[in-house]
Amino acid sequence: MVSLSDLKVFISGSLGIDLPDFILQAALDSVASVQPCLDGAGYSASDMMFIQLYTATLIATAADVRKIKSQSAPNGASRSFEYGKGMQSMRSKLQSLDKSGCTAKLVAGSSGQSMVFVVTGEEE
């Protein structure tokens, strides 16, 4: 199983965001809940590591956290952010790795299906 420190390094290094340990640990606990399915699927050790990392990352960042894109300072203080980039490619990669679908119930949007809500009303 991927460790908390491995997940922190991956998320910080790959996405440039820092999340509290309790969020990361909760994500790892969720991934652990499907570990028997992953073990039974016969994945290689490296595929298992990627599946665990990607699933935990997608769970932990489900709120589409912002990433600092640029910042400046000496009193012209400014920051710009970007949101959610790269998550779809991580979902796609997870789907291609987890052919047994063990993690599909943990990661929203991993099924590849889209959902559209239509709200109608009448003017009174």
# chains A, B, ... in the order shown; residues from 1 in each chain; ligands from 1
>>> residues_around(residues="segment 52-58 of chain A", least_positions_apart="3", cutoff="6 Å", atoms="only C-alpha atoms", output="VMD selection string")
chain A and resid 27 to 28 49 61 to 62
>>> closest_residue(among="A:Met48, A:Gln88, A:Cys37, A:Ser80", to="Ser100 of chain A", atoms="only C-alpha atoms")
A:Cys37
>>> residues_around(residues="segment 19-24 of chain A", least_positions_apart="4", cutoff="10 Å", atoms="only C-alpha atoms", output="PyMOL selection string")
chain A and resi 3-5+7-8+11-12+28-30+56-57+59-61+65
>>> atom_distance(atom1="atom CA of Leu38 of chain A", atom2="atom CA of Cys102 of chain A")
6.2 Å
>>> atom_distance(atom1="atom CA of Asp47 of chain A", atom2="atom CA of Leu97 of chain A")
6.6 Å
>>> residues_around(residues="Lys99 of chain A", least_positions_apart="5", cutoff="12 Å", atoms="only C-alpha atoms", output="PyMOL selection string")
chain A and resi 37-38+41-43+47-48+51+92-94+104+110-111
>>> decode(residues="segment 5-37 of chain A", atoms="N, CA and C atoms", output="short mmCIF file (atom, residue, chain, number, x, y, z; two decimals), in the first residue's frame")
data_model
loop_
_atom_site.label_atom_id
_atom_site.label_comp_id
_atom_site.auth_asym_id
_atom_site.auth_seq_id
_atom_site.Cartn_x
_atom_site.Cartn_y
_atom_site.Cartn_z
N SER A 5 3.53 9.42 3.25
CA SER A 5 4.62 10.28 2.77
C SER A 5 4.79 10.17 1.25
N ASP A 6 4.59 8.98 0.68
CA ASP A 6 4.64 8.83 -0.79
C ASP A 6 3.56 9.67 -1.45
N LEU A 7 2.35 9.61 -0.89
CA LEU A 7 1.23 10.38 -1.46
C LEU A 7 1.49 11.88 -1.37
N LYS A 8 2.03 12.34 -0.24
CA LYS A 8 2.34 13.77 -0.08
C LYS A 8 3.34 14.22 -1.12
N VAL A 9 4.40 13.44 -1.32
CA VAL A 9 5.43 13.78 -2.30
C VAL A 9 4.83 13.81 -3.70
N PHE A 10 4.00 12.84 -4.04
CA PHE A 10 3.39 12.78 -5.37
C PHE A 10 2.49 13.98 -5.62
N ILE A 11 1.60 14.28 -4.68
CA ILE A 11 0.65 15.38 -4.88
C ILE A 11 1.38 16.72 -4.90
N SER A 12 2.31 16.90 -4.00
CA SER A 12 3.05 18.16 -3.95
C SER A 12 3.93 18.34 -5.20
N GLY A 13 4.63 17.29 -5.58
CA GLY A 13 5.54 17.38 -6.72
C GLY A 13 4.82 17.41 -8.06
N SER A 14 3.76 16.63 -8.20
CA SER A 14 3.07 16.54 -9.48
C SER A 14 2.05 17.65 -9.69
N LEU A 15 1.35 18.00 -8.62
CA LEU A 15 0.26 18.96 -8.76
C LEU A 15 0.58 20.33 -8.15
N GLY A 16 1.63 20.38 -7.35
CA GLY A 16 2.01 21.66 -6.74
C GLY A 16 1.06 22.12 -5.66
N ILE A 17 0.39 21.18 -5.00
CA ILE A 17 -0.53 21.56 -3.92
C ILE A 17 -0.16 20.81 -2.65
N ASP A 18 -0.46 21.42 -1.53
CA ASP A 18 -0.24 20.80 -0.24
C ASP A 18 -1.59 20.61 0.44
N LEU A 19 -1.86 19.39 0.84
CA LEU A 19 -3.10 19.07 1.53
C LEU A 19 -2.76 18.58 2.94
N PRO A 20 -3.67 18.81 3.89
CA PRO A 20 -3.41 18.34 5.25
C PRO A 20 -3.34 16.81 5.32
N ASP A 21 -2.54 16.33 6.26
CA ASP A 21 -2.36 14.89 6.41
C ASP A 21 -3.67 14.14 6.63
N PHE A 22 -4.62 14.74 7.37
CA PHE A 22 -5.86 14.01 7.65
C PHE A 22 -6.67 13.77 6.37
N ILE A 23 -6.59 14.68 5.41
CA ILE A 23 -7.27 14.48 4.12
C ILE A 23 -6.59 13.35 3.35
N LEU A 24 -5.28 13.38 3.32
CA LEU A 24 -4.53 12.37 2.60
C LEU A 24 -4.73 10.99 3.22
N GLN A 25 -4.73 10.93 4.56
CA GLN A 25 -4.92 9.65 5.23
C GLN A 25 -6.32 9.10 4.97
N ALA A 26 -7.32 9.96 4.96
CA ALA A 26 -8.68 9.52 4.66
C ALA A 26 -8.77 8.96 3.24
N ALA A 27 -8.07 9.60 2.30
CA ALA A 27 -8.05 9.10 0.92
C ALA A 27 -7.38 7.73 0.86
N LEU A 28 -6.29 7.56 1.58
CA LEU A 28 -5.61 6.27 1.61
C LEU A 28 -6.48 5.20 2.25
N ASP A 29 -7.22 5.57 3.28
CA ASP A 29 -8.13 4.62 3.92
C ASP A 29 -9.22 4.17 2.95
N SER A 30 -9.71 5.09 2.13
CA SER A 30 -10.71 4.74 1.12
C SER A 30 -10.13 3.75 0.11
N VAL A 31 -8.91 4.01 -0.32
CA VAL A 31 -8.25 3.10 -1.28
C VAL A 31 -8.05 1.73 -0.63
N ALA A 32 -7.70 1.71 0.63
CA ALA A 32 -7.50 0.43 1.33
C ALA A 32 -8.77 -0.41 1.35
N SER A 33 -9.93 0.25 1.28
CA SER A 33 -11.19 -0.48 1.31
C SER A 33 -11.41 -1.35 0.07
N VAL A 34 -10.73 -1.05 -1.02
CA VAL A 34 -10.85 -1.86 -2.23
C VAL A 34 -9.60 -2.71 -2.48
N GLN A 35 -8.72 -2.75 -1.50
CA GLN A 35 -7.48 -3.51 -1.66
C GLN A 35 -7.71 -4.99 -1.97
N PRO A 36 -8.68 -5.65 -1.33
CA PRO A 36 -8.91 -7.06 -1.69
C PRO A 36 -9.25 -7.25 -3.17
N CYS A 37 -10.03 -6.35 -3.73
CA CYS A 37 -10.36 -6.42 -5.17
C CYS A 37 -9.09 -6.22 -6.00
#
